[in-house]
Protein chains: 2
Amino acid sequence: MKGLKGALVFAQSGGPTSVINSSAAGVFLEGLHSDAITAVYGAAHGIKGILNEEMYDIGKEDEKELLLLKNTPSSAMGSVRYKLKDAAVDDTDYKRLLEVFKKYDVRYFFYNGGNDSMDTCNKISKYMAKSGYDMNVIGVPKTIDNDLFGTDHCPGFASAAKFIATTIMEINLDAKVYDTGMVCIIEAMGRNAGWLTASAALANAKGYGADLIYLPEIAFDVDKFVEDVKGVLAKNNNKCIVCLSEGIHDKDGVLIGEALGKAGARDSFGHAQLGGVAANLANIIKEKTGVKTRAVELSLMQRCAAHCASKTDIEETFGAGKAAVKAAVSGETDKMVCYARKAGDKYECEYKLLPLELAANTEKTVPLEWITNNGTGISDEFVKYALPLIQGDPDVAKEDGLPRFARLKKVLVEKR
Amino acid sequence: MKGLKGALVFAQSGGPTSVINSSAAGVFLEGLHSDAITAVYGAAHGIKGILNEEMYDIGKEDEKELLLLKNTPSSAMGSVRYKLKDAAVDDTDYKRLLEVFKKYDVRYFFYNGGNDSMDTCNKISKYMAKSGYDMNVIGVPKTIDNDLFGTDHCPGFASAAKFIATTIMEINLDAKVYDTGMVCIIEAMGRNAGWLTASAALANAKGYGADLIYLPEIAFDVDKFVEDVKGVLAKNNNKCIVCLSEGIHDKDGVLIGEALGKAGARDSFGHAQLGGVAANLANIIKEKTGVKTRAVELSLMQRCAAHCASKTDIEETFGAGKAAVKAAVSGETDKMVCYARKAGDKYECEYKLLPLELAANTEKTVPLEWITNNGTGISDEFVKYALPLIQGDPDVAKEDGLPRFARLKKVLVEKR
């Protein structure tokens, strides 16, 4: 609703990205400069920080440090993986949230996260509306996975893609340095959507990419994989670079990583904890071809390598935070900020709003028509889509040759 | 000897670094501009390229592309792991080398590598001298391991150290983002010398480092390790970041990675092929503490991440190549270029020459007095030593937001 005056709470949730705090900076700075907003709080560890009344008073921070958040990776407020129950089943948490919101006169709530977080944000928004508590709720997207529905791309994806493409180019040269055979298998994150793995195609476009790219969008067959690798080795001087998603699975949906012997721990959302599939497949290739293999997991680096972020991503992500506050102050609620790419040859992106229920829990995967070469390649359409997003290098503040991250005071708001 | 006129051959050997080609650029450009040098050749895949008469004519390359080698990771000429026998036992290879050197009138030979390569270089130098063939032979050091004797530091180390420190800072933030427990174990390269792992201390100096650092210089005990981690978890909000070398071993010299079940493949020098010790230790910690763990191998990235190189390293490495040619042209032979740090507070480095037999096969490890906290910490002396080396960011040429590596024509010299 329009004309609301009150405090703002911003919270971060789910796996971090290397630019996630750029949205935090956008929300905080826009909030601090808005007449409608009486106080700016950052919840410690997502929704839990509100439930526990653990919130940082952002008004006590230096603006210079808040700006340094643009190049500080990983959720500065702390993150959480906490799934709210349906209010119809158990409304305990919702009642408590309402209680805290009332106590601190919170009228603006921003939740920064991916699919699951947009679901949480949607549930909170609907509950508060139903309870008659006037509050504007806006979701700020964030995910390296790039799998959110309704947005051209997701804040954080481009920086991960840039790190992956850059690293594959470097590894390509390194892995081919000897005159002996080598199969190098690079594993990127991605459970169901292969956007990150597809980024290898950006390196391919420069001539230093992956010969074979496997996304979770297409069922993976280990025997076919071995034949694919043998084919590349035969025509490529006994060298083969592979990039694949942690989430590749067989035609029955069984994860290859799990099937090959990786114990399947699950996180609190019930998602399998993946990783290690490259190492398992490298062992199989070594056994079947006799060629030396190397498995490389891009691991946490792909989501925290702020030193190799995309400036375009940083600025768009910062803008998404500001756009969220502007939208809320102008009366919008129950929406997620999203990116809309303008038509035309020159890349331009604008912010739009999408109803939260559309954003929640819907995964956007890589279009099947972009997957080529019998499930081992990525088309130029992807490169055309992703290339504008990775442009520009970050202005990383340095101290003694190393990154100078934001130093926040993190003064807790006094409990009421 | 002085006054030699003839062709120059430069070859690269062993594992690459992210700045190894900066020395190649230095040798090539200095060679192309020297009156004493009649032709500049780059041997394909190290010493093998000479044995097989596979050499690239560097005179056919654009100088602009040769300069781009300064930021192109991984041996541009191709590398090799090939151990020459002692000439007294079998001089077949030496005779063949002499034959090729004579055929192409090679009077200047430069070998770029680490310990094993300096041994090869030394053997060749001694054989040619004994054979009465006039040739000036200079070793150009290169190794991320920083373990060469007689030089303050090694070309390539600082860039790897900078990548490791930067990455640990980023991972530190990422691994601590949840309010649940987390042990993150980061594995760096280093068989016997812990210089790379010690670089974690650079991140510690910035406040985002590793709580526990284990080098191969000190015997590793798994039970003590578990207790060390438990101690950090208890006082550190259930979070612990560990950085350790792939080469950590027990008091009897048995590699922890091998002891914990890693099959021990060996390379052609008889060195064990390491890796995977972090993953094995993470499993043990998970079992003994119940805390979530994450193992991160810095893998090939630590030796090829040219995008995160040290400008100081790039320029010193370039200068080492030029210094090698200057020394050879002035009549020096049978030496390795090394770095000497000038006394005084301001960091300055100059080039000196060291007899090759002193450089060959001698490993310089981290001084034991720099290892603190009962084998889990690194002293400020190391930080003081390493910090000047990682200064400055590389001027990476970019194309579409990705690195623009040198594009060499690689025209093979016609066989004679």
# chains A, B, ... in the order shown; residues from 1 in each chain; ligands from 1
call {"tool": "closest_atom_pairs", "arguments": {"of": "chain A", "to": "chain B", "cutoff": "6 Å", "atoms": "only C-alpha atoms", "output": "JSON lines"}}
result
{"residue": "A:Ser74", "atom": "CA", "partner": "B:Asp174", "partner_atom": "CA", "distance": 5.0}
{"residue": "A:Gly78", "atom": "CA", "partner": "B:Val177", "partner_atom": "CA", "distance": 4.9}
{"residue": "A:Ser79", "atom": "CA", "partner": "B:Tyr178", "partner_atom": "CA", "distance": 5.1}
{"residue": "A:Val80", "atom": "CA", "partner": "B:Tyr178", "partner_atom": "CA", "distance": 5.5}
{"residue": "A:Glu170", "atom": "CA", "partner": "B:Cys304", "partner_atom": "CA", "distance": 5.7}
{"residue": "A:Leu173", "atom": "CA", "partner": "B:Ser74", "partner_atom": "CA", "distance": 5.8}
{"residue": "A:Asp174", "atom": "CA", "partner": "B:Ser74", "partner_atom": "CA", "distance": 5.0}
{"residue": "A:Val177", "atom": "CA", "partner": "B:Gly78", "partner_atom": "CA", "distance": 4.9}
{"residue": "A:Tyr178", "atom": "CA", "partner": "B:Ser79", "partner_atom": "CA", "distance": 5.1}
{"residue": "A:Cys304", "atom": "CA", "partner": "B:Glu170", "partner_atom": "CA", "distance": 5.7}
{"residue": "A:Gln391", "atom": "CA", "partner": "B:Gly401", "partner_atom": "CA", "distance": 4.7}
{"residue": "A:Gly401", "atom": "CA", "partner": "B:Gln391", "partner_atom": "CA", "distance": 4.7}
call {"tool": "residues_around", "arguments": {"residues": "Ile213 of chain A", "least_positions_apart": "2", "cutoff": "8 Å", "atoms": "only C-alpha atoms", "output": "mmCIF file with C-alpha atoms, in the first residue's frame"}}
result
data_model
loop_
_atom_site.group_PDB
_atom_site.id
_atom_site.type_symbol
_atom_site.label_atom_id
_atom_site.label_comp_id
_atom_site.auth_asym_id
_atom_site.auth_seq_id
_atom_site.Cartn_x
_atom_site.Cartn_y
_atom_site.Cartn_z
ATOM 1 C CA THR A 197 27.894 -25.452 -16.678
ATOM 2 C CA ALA A 198 26.692 -23.931 -19.941
ATOM 3 C CA ALA A 200 31.821 -23.203 -20.381
ATOM 4 C CA ALA A 210 35.414 -27.674 -22.937
ATOM 5 C CA ASP A 211 35.131 -30.299 -25.668
ATOM 6 C CA LEU A 215 23.867 -30.319 -18.310
ATOM 7 C CA VAL A 242 34.848 -31.881 -19.990
ATOM 8 C CA CYS A 243 32.569 -29.577 -18.027
ATOM 9 C CA LEU A 244 29.554 -31.045 -16.271
ATOM 10 C CA GLY A 375 23.749 -33.489 -25.509
ATOM 11 C CA THR A 376 27.417 -32.493 -25.391
ATOM 12 C CA GLY A 377 27.403 -28.917 -26.689
ATOM 13 C CA ILE A 378 25.861 -25.489 -26.170
#
call {"tool": "residues_around", "arguments": {"residues": "Leu66 of chain A", "least_positions_apart": "6", "cutoff": "8 Å", "atoms": "only C-alpha atoms", "output": "PyMOL selection string"}}
result
chain A and resi 25+28-29+406+408
call {"tool": "select_by_dssp", "arguments": {"residues": "segment 59-208 of chain B", "states": "helix (DSSP H, G or I)", "output": "JSON, numbers by chain"}}
result
{"B": [59, 60, 63, 64, 65, 66, 67, 68, 69, 70, 71, 92, 93, 94, 95, 96, 97, 98, 99, 100, 101, 102, 103, 115, 116, 117, 118, 119, 120, 121, 122, 123, 124, 125, 126, 127, 128, 129, 130, 157, 158, 159, 160, 161, 162, 163, 164, 165, 166, 167, 168, 169, 170, 171, 172, 173, 174, 175, 195, 196, 197, 198, 200, 201, 202, 203, 204, 205]}
call {"tool": "residues_around", "arguments": {"residues": "Asn21 of chain A", "least_positions_apart": "2", "cutoff": "6 Å", "atoms": "only C-alpha atoms", "output": "CSV table (one decimal) with C-alpha atoms, in the first residue's frame"}}
result
chain,number,residue,atom,x,y,z
A,19,VAL,CA,27.8,-10.2,-5.5
A,23,SER,CA,21.8,-5.9,-3.4
A,24,ALA,CA,22.2,-5.4,0.4
A,69,LEU,CA,29.6,-4.4,0.3
A,70,LYS,CA,29.3,-4.2,-3.5
call {"tool": "select_by_dssp", "arguments": {"residues": "segment 17-250 of chain A", "states": "strand (DSSP E)", "output": "count of residues only"}}
result
41
call {"tool": "closest_residue", "arguments": {"among": "B:Val337, B:Ala161, B:Ala278, B:Val89", "to": "Tyr214 of chain B", "atoms": "only C-alpha atoms"}}
result
B:Ala278
call {"tool": "residues_around", "arguments": {"residues": "Ser330 of chain A", "least_positions_apart": "5", "cutoff": "10 Å", "atoms": "only C-alpha atoms", "output": "ChimeraX atom specification"}}
result
/A:1-4,36,136,324-325
call {"tool": "atom_distance", "arguments": {"atom1": "atom CA of Asp116 of chain A", "atom2": "atom CA of Gly190 of chain A"}}
result
14.9 Å
call {"tool": "atom_distance", "arguments": {"atom1": "atom CA of Ser199 of chain B", "atom2": "atom CA of Ile371 of chain B"}}
result
12.2 Å
call {"tool": "closest_residue", "arguments": {"among": "B:Cys121, B:Ala158, B:Ile50, B:Ile138", "to": "Val100 of chain B", "atoms": "only C-alpha atoms"}}
result
B:Ile50
call {"tool": "residues_around", "arguments": {"residues": "Glu350 of chain A", "least_positions_apart": "5", "cutoff": "8 Å", "atoms": "only C-alpha atoms", "output": "list in words"}}
result
Tyr339, Ala340, Arg341 and Lys342 of chain A
call {"tool": "closest_residue", "arguments": {"among": "B:Val27, B:Ala88, B:Leu98, B:Val254", "to": "Met135 of chain B", "atoms": "only C-alpha atoms"}}
result
B:Leu98
call {"tool": "decode", "arguments": {"residues": "segment 209-284 of chain B", "atoms": "C-alpha atoms", "output": "CSV table (one decimal), in the first residue's frame"}}
result
chain,number,residue,atom,x,y,z
B,209,GLY,CA,42.2,-16.6,7.0
B,210,ALA,CA,42.6,-20.2,8.2
B,211,ASP,CA,42.4,-21.1,11.9
B,212,LEU,CA,44.7,-24.0,11.4
B,213,ILE,CA,47.6,-24.3,8.8
B,214,TYR,CA,49.5,-27.6,8.3
B,215,LEU,CA,52.7,-27.7,6.3
B,216,PRO,CA,54.6,-30.8,5.2
B,217,GLU,CA,57.6,-29.5,7.1
B,218,ILE,CA,56.0,-30.8,10.4
B,219,ALA,CA,54.9,-34.4,10.9
B,220,PHE,CA,51.1,-34.6,10.8
B,221,ASP,CA,49.1,-36.6,13.3
B,222,VAL,CA,45.5,-37.3,12.5
B,223,ASP,CA,44.4,-37.6,16.2
B,224,LYS,CA,46.1,-34.3,17.1
B,225,PHE,CA,44.4,-32.7,14.1
B,226,VAL,CA,41.0,-33.8,15.3
B,227,GLU,CA,41.7,-32.3,18.7
B,228,ASP,CA,43.0,-29.1,17.1
B,229,VAL,CA,39.8,-28.7,15.1
B,230,LYS,CA,37.7,-29.5,18.2
B,231,GLY,CA,39.6,-26.8,20.0
B,232,VAL,CA,38.8,-24.2,17.3
B,233,LEU,CA,35.2,-25.2,17.1
B,234,ALA,CA,34.7,-24.8,20.8
B,235,LYS,CA,36.0,-21.3,20.9
B,236,ASN,CA,35.0,-20.1,17.5
B,237,ASN,CA,31.2,-20.5,17.3
B,238,ASN,CA,31.5,-24.0,15.8
B,239,LYS,CA,33.4,-22.8,12.7
B,240,CYS,CA,36.9,-23.8,11.6
B,241,ILE,CA,38.8,-23.1,8.4
B,242,VAL,CA,41.8,-25.3,7.8
B,243,CYS,CA,44.5,-25.0,5.1
B,244,LEU,CA,46.9,-27.8,4.5
B,245,SER,CA,49.4,-29.1,2.0
B,246,GLU,CA,48.7,-32.1,-0.2
B,247,GLY,CA,52.1,-33.4,1.0
B,248,ILE,CA,51.4,-33.6,4.7
B,249,HIS,CA,52.8,-36.9,6.1
B,250,ASP,CA,53.1,-38.7,9.4
B,251,LYS,CA,56.3,-39.0,11.5
B,252,ASP,CA,57.4,-42.0,9.4
B,253,GLY,CA,57.0,-40.0,6.2
B,254,VAL,CA,53.9,-41.8,5.0
B,255,LEU,CA,51.6,-39.4,3.1
B,256,ILE,CA,48.4,-38.8,5.0
B,257,GLY,CA,46.5,-38.8,1.7
B,258,GLU,CA,47.9,-42.2,0.8
B,259,ALA,CA,47.5,-43.6,4.3
B,260,LEU,CA,43.8,-42.6,4.2
B,261,GLY,CA,43.2,-44.6,1.1
B,262,LYS,CA,44.3,-42.6,-1.8
B,263,ALA,CA,45.9,-44.9,-4.4
B,264,GLY,CA,49.5,-43.8,-4.9
B,265,ALA,CA,50.2,-43.2,-8.6
B,266,ARG,CA,53.6,-41.9,-9.3
B,267,ASP,CA,54.8,-39.6,-12.0
B,268,SER,CA,57.9,-40.2,-14.2
B,269,PHE,CA,60.2,-38.7,-11.6
B,270,GLY,CA,58.9,-41.1,-9.0
B,271,HIS,CA,57.0,-38.4,-7.1
B,272,ALA,CA,53.7,-39.6,-5.7
B,273,GLN,CA,50.7,-38.1,-7.4
B,274,LEU,CA,48.9,-36.4,-4.5
B,275,GLY,CA,45.6,-34.8,-3.9
B,276,GLY,CA,42.4,-35.8,-2.0
B,277,VAL,CA,43.8,-35.6,1.5
B,278,ALA,CA,41.4,-32.7,2.4
B,279,ALA,CA,38.4,-34.8,1.4
B,280,ASN,CA,39.6,-37.8,3.5
B,281,LEU,CA,40.2,-35.6,6.5
B,282,ALA,CA,36.9,-33.9,6.1
B,283,ASN,CA,35.2,-37.3,6.4
B,284,ILE,CA,37.1,-38.0,9.6
